[in-house]
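Here the structure is laid out as structure tokens; the discussion comes afterwards.
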Amino acid sequence: MKEIKIGTIGTAETIVSKENMAVTVGSGSLEVFSTPMMTALMEKAACNAIADFLEGDETTVGTKLDISHDSATPAGMTVKATAEVIEVNGREIVYTVKAEDECGSIGKGLHKRFLVFSEKFMSRTNSKK
């Protein structure tokens with residue numbers, strides 16, 4: 001892994017559609033952007049932030065996510081997640097994350113990811129079978 005710079009930012013965007021609504025993914029009964037999909041978008045932004053620093057078969061896995069989902073977003077609106085690297089402790093990377101729709105903030109929090117080697121990680125995971 002190349003040295004990850006504090007302050008590095010990654011983003012990810014989506015448009016709210018039937019596929020990412022709470023009623024569809026099973027996290028509620030309303031036709032609004034779901035919390036699980038906001039979470040996934042934040043994780044994608046975090047992955048995008050450090051993609052250029054990874055080498056070989058390095059990747060990261062999420063280990064902690066402490067977020068709030070503060071405002072609902074209806075169908076058709078764009079949601080953008082942003083992740084900023086605030087700390088690197090060896091192979092652990094800590095981010096602040098936020099999500100916004102066209103009207104402002106909809107969620108925020110803290111996310112941690114851990115650098116792993118894909119082949120070794122999957123071998124260990126598959127040994128559970």
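We name chains A, B, ... following the order of the structure tokens; residues begin at 1 in each chain, and ligands are numbered from 1 as shown.
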- Message: Which of region 3-127 of chain A end up as strand (DSSP E or B) when DSSP is run on this backbone - answer as a VMD selection string?
- Response: chain A and resid 9 to 15 21 32 to 33 58 to 69 74 78 to 89 92 to 101 104 to 117
- Item | Shell of 6 Å around region 66-71 of chain A, only C-alpha atoms, local chain residues under 3 positions omitted, as a PyMOL selection string | chain A and resi 106-110
Save the residues we just selected, N, CA, C and O atoms, as a short mmCIF file (atom, residue, chain, number, x, y, z; two decimals), in the first residue's frame?
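Final file, result_32.cif:
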data_model
loop_
_atom_site.label_atom_id
_atom_site.label_comp_id
_atom_site.auth_asym_id
_atom_site.auth_seq_id
_atom_site.Cartn_x
_atom_site.Cartn_y
_atom_site.Cartn_z
N ILE A 106 -28.28 14.69 4.31
CA ILE A 106 -29.24 13.66 4.70
C ILE A 106 -28.65 12.66 5.69
O ILE A 106 -29.37 11.89 6.30
N GLY A 107 -27.32 12.65 5.84
CA GLY A 107 -26.69 11.72 6.76
C GLY A 107 -25.21 12.01 6.93
O GLY A 107 -24.60 12.68 6.11
N LYS A 108 -24.67 11.49 8.04
CA LYS A 108 -23.25 11.72 8.33
C LYS A 108 -22.77 10.70 9.35
O LYS A 108 -23.57 10.03 9.99
N GLY A 109 -21.44 10.63 9.50
CA GLY A 109 -20.91 9.74 10.52
C GLY A 109 -19.44 9.43 10.34
O GLY A 109 -18.70 10.18 9.69
N LEU A 110 -19.05 8.31 10.92
CA LEU A 110 -17.66 7.85 10.95
C LEU A 110 -17.61 6.43 10.39
O LEU A 110 -18.50 5.63 10.66
#
- Query: Got a sec to tell me which of chain A DSSP assigns to alpha helix (DSSP H), as a list in words?
  - Reply: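 The alpha helix (DSSP H) subset of chain A is Ala22, Val23, Thr24, Val25, Thr35, Pro36, Met37, Met38, Thr39, Ala40, Leu41, Met42, Glu43, Lys44, Ala45, Ala46, Cys47, Asn48, Ala49, Ile50, Ser118, Glu119, Lys120, Phe121, Met122, Ser123, Arg124, Thr125 and Asn126 of chain A.
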Can I get the selection written as a compact mmCIF listing (two decimals), in the first residue's frame, with N, CA, C and O atoms?
# COMPACT_ATOMS: atom_id res chain seq x y z
N ALA A 22 -36.49 2.15 0.52
CA ALA A 22 -36.70 1.36 1.73
C ALA A 22 -37.71 0.24 1.52
O ALA A 22 -37.50 -0.90 1.96
N VAL A 23 -38.80 0.53 0.84
CA VAL A 23 -39.83 -0.48 0.62
C VAL A 23 -39.31 -1.65 -0.20
O VAL A 23 -39.72 -2.79 0.01
N THR A 24 -38.37 -1.42 -1.09
CA THR A 24 -37.84 -2.47 -1.95
C THR A 24 -36.77 -3.31 -1.25
O THR A 24 -36.75 -4.53 -1.37
N VAL A 25 -35.87 -2.66 -0.52
CA VAL A 25 -34.77 -3.40 0.12
C VAL A 25 -35.15 -4.00 1.47
O VAL A 25 -34.37 -4.72 2.07
N THR A 35 -31.87 3.56 4.19
CA THR A 35 -30.66 3.67 5.01
C THR A 35 -29.60 2.66 4.57
O THR A 35 -28.41 3.03 4.46
N PRO A 36 -29.94 1.40 4.27
CA PRO A 36 -28.90 0.48 3.79
C PRO A 36 -28.22 0.95 2.51
O PRO A 36 -27.01 0.76 2.34
N MET A 37 -28.97 1.56 1.61
CA MET A 37 -28.37 2.04 0.37
C MET A 37 -27.53 3.29 0.60
O MET A 37 -26.53 3.50 -0.08
N MET A 38 -27.91 4.13 1.56
CA MET A 38 -27.08 5.28 1.92
C MET A 38 -25.76 4.76 2.51
O MET A 38 -24.68 5.26 2.19
N THR A 39 -25.86 3.74 3.34
CA THR A 39 -24.68 3.12 3.93
C THR A 39 -23.75 2.59 2.85
O THR A 39 -22.53 2.84 2.88
N ALA A 40 -24.31 1.87 1.89
CA ALA A 40 -23.50 1.31 0.79
C ALA A 40 -22.84 2.42 -0.02
O ALA A 40 -21.68 2.30 -0.44
N LEU A 41 -23.57 3.52 -0.24
CA LEU A 41 -23.01 4.64 -1.00
C LEU A 41 -21.85 5.28 -0.25
O LEU A 41 -20.83 5.64 -0.84
N MET A 42 -21.96 5.40 1.07
CA MET A 42 -20.87 5.94 1.89
C MET A 42 -19.65 5.02 1.82
O MET A 42 -18.52 5.49 1.70
N GLU A 43 -19.88 3.71 1.87
CA GLU A 43 -18.77 2.77 1.78
C GLU A 43 -18.10 2.84 0.40
O GLU A 43 -16.88 2.76 0.30
N LYS A 44 -18.91 2.99 -0.63
CA LYS A 44 -18.35 3.12 -1.98
C LYS A 44 -17.49 4.38 -2.08
O LYS A 44 -16.40 4.35 -2.68
N ALA A 45 -17.94 5.48 -1.50
CA ALA A 45 -17.14 6.72 -1.50
C ALA A 45 -15.81 6.50 -0.78
O ALA A 45 -14.77 6.96 -1.23
N ALA A 46 -15.85 5.76 0.34
CA ALA A 46 -14.62 5.46 1.09
C ALA A 46 -13.67 4.61 0.25
O ALA A 46 -12.46 4.87 0.21
N CYS A 47 -14.20 3.62 -0.44
CA CYS A 47 -13.37 2.78 -1.32
C CYS A 47 -12.76 3.62 -2.44
O CYS A 47 -11.57 3.49 -2.76
N ASN A 48 -13.58 4.50 -3.01
CA ASN A 48 -13.09 5.37 -4.09
C ASN A 48 -11.98 6.30 -3.61
O ASN A 48 -11.06 6.62 -4.37
N ALA A 49 -12.06 6.72 -2.35
CA ALA A 49 -11.06 7.65 -1.82
C ALA A 49 -9.66 7.07 -1.85
O ALA A 49 -8.69 7.79 -2.11
N ILE A 50 -9.53 5.79 -1.60
CA ILE A 50 -8.18 5.21 -1.48
C ILE A 50 -7.81 4.26 -2.61
O ILE A 50 -6.75 3.64 -2.56
N SER A 118 -6.60 -9.72 -0.82
CA SER A 118 -7.80 -10.39 -1.33
C SER A 118 -7.71 -11.91 -1.25
O SER A 118 -8.61 -12.57 -0.71
N GLU A 119 -6.65 -12.49 -1.81
CA GLU A 119 -6.54 -13.94 -1.87
C GLU A 119 -6.49 -14.56 -0.48
O GLU A 119 -7.21 -15.53 -0.19
N LYS A 120 -5.68 -14.01 0.40
CA LYS A 120 -5.57 -14.53 1.76
C LYS A 120 -6.89 -14.37 2.51
O LYS A 120 -7.35 -15.27 3.22
N PHE A 121 -7.53 -13.22 2.35
CA PHE A 121 -8.80 -12.95 3.02
C PHE A 121 -9.87 -13.94 2.57
O PHE A 121 -10.59 -14.52 3.39
N MET A 122 -9.99 -14.15 1.25
CA MET A 122 -11.01 -15.05 0.73
C MET A 122 -10.70 -16.51 1.10
O MET A 122 -11.63 -17.28 1.38
N SER A 123 -9.44 -16.88 1.13
CA SER A 123 -9.07 -18.23 1.54
C SER A 123 -9.51 -18.48 2.98
O SER A 123 -10.11 -19.54 3.29
N ARG A 124 -9.24 -17.54 3.85
CA ARG A 124 -9.63 -17.66 5.25
C ARG A 124 -11.16 -17.68 5.39
O ARG A 124 -11.72 -18.48 6.14
N THR A 125 -11.82 -16.82 4.63
CA THR A 125 -13.27 -16.77 4.69
C THR A 125 -13.89 -18.06 4.20
O THR A 125 -14.80 -18.62 4.83
N ASN A 126 -13.40 -18.56 3.08
CA ASN A 126 -13.95 -19.79 2.51
C ASN A 126 -13.65 -21.03 3.35
O ASN A 126 -14.34 -22.05 3.22
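The closest residue to Glu13 (chain A), picked from A:Ala51, A:Val116, A:Ala81, A:Ile93 and counting only C-alpha atoms, is A:Ala81.
The closest residue to Ile4 (chain A), picked from A:Thr59, A:Val88, A:Lys98, A:Lys128 and counting only C-alpha atoms, is A:Val88.
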- So which residues touch Thr73 (chain A) within 8 Å, counting only C-alpha atoms, skipping near sequence neighbours fewer than 5 positions away, as a VMD selection string? chain A and resid 16 32 to 33 101 106
- Query: Do you know which residues are at most 7 Å from Met1 (chain A) counting only C-alpha atoms, after dropping those on the same chain fewer than 2 positions away, and could you put them as a list in words?
  - Reply: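 Returned residues: Glu3, Phe53, Leu54 and Glu55 of chain A.
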- Message: Please compute the CA of Asn20 (chain A)-CA of Ala99 (chain A) distance, one decimal, in Å.
- Response: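 Pair CA of Asn20 (chain A) / CA of Ala99 (chain A) returns 14.6 Å.
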- Task: May I ask which of the residues A:Ser105, A:Ser127, A:Ser29, A:Ser17 is the closest one to Thr82 (chain A), counting only C-alpha atoms?
- Result: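 Among the listed residues, A:Ser105 lies closest to Thr82 (chain A).
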- At what distance in Å, to one decimal, does CA of Asp57 (chain A) lie from CA of Phe114 (chain A)?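 Separating CA of Phe114 (chain A) from CA of Asp57 (chain A) is a distance of 13.7 Å.
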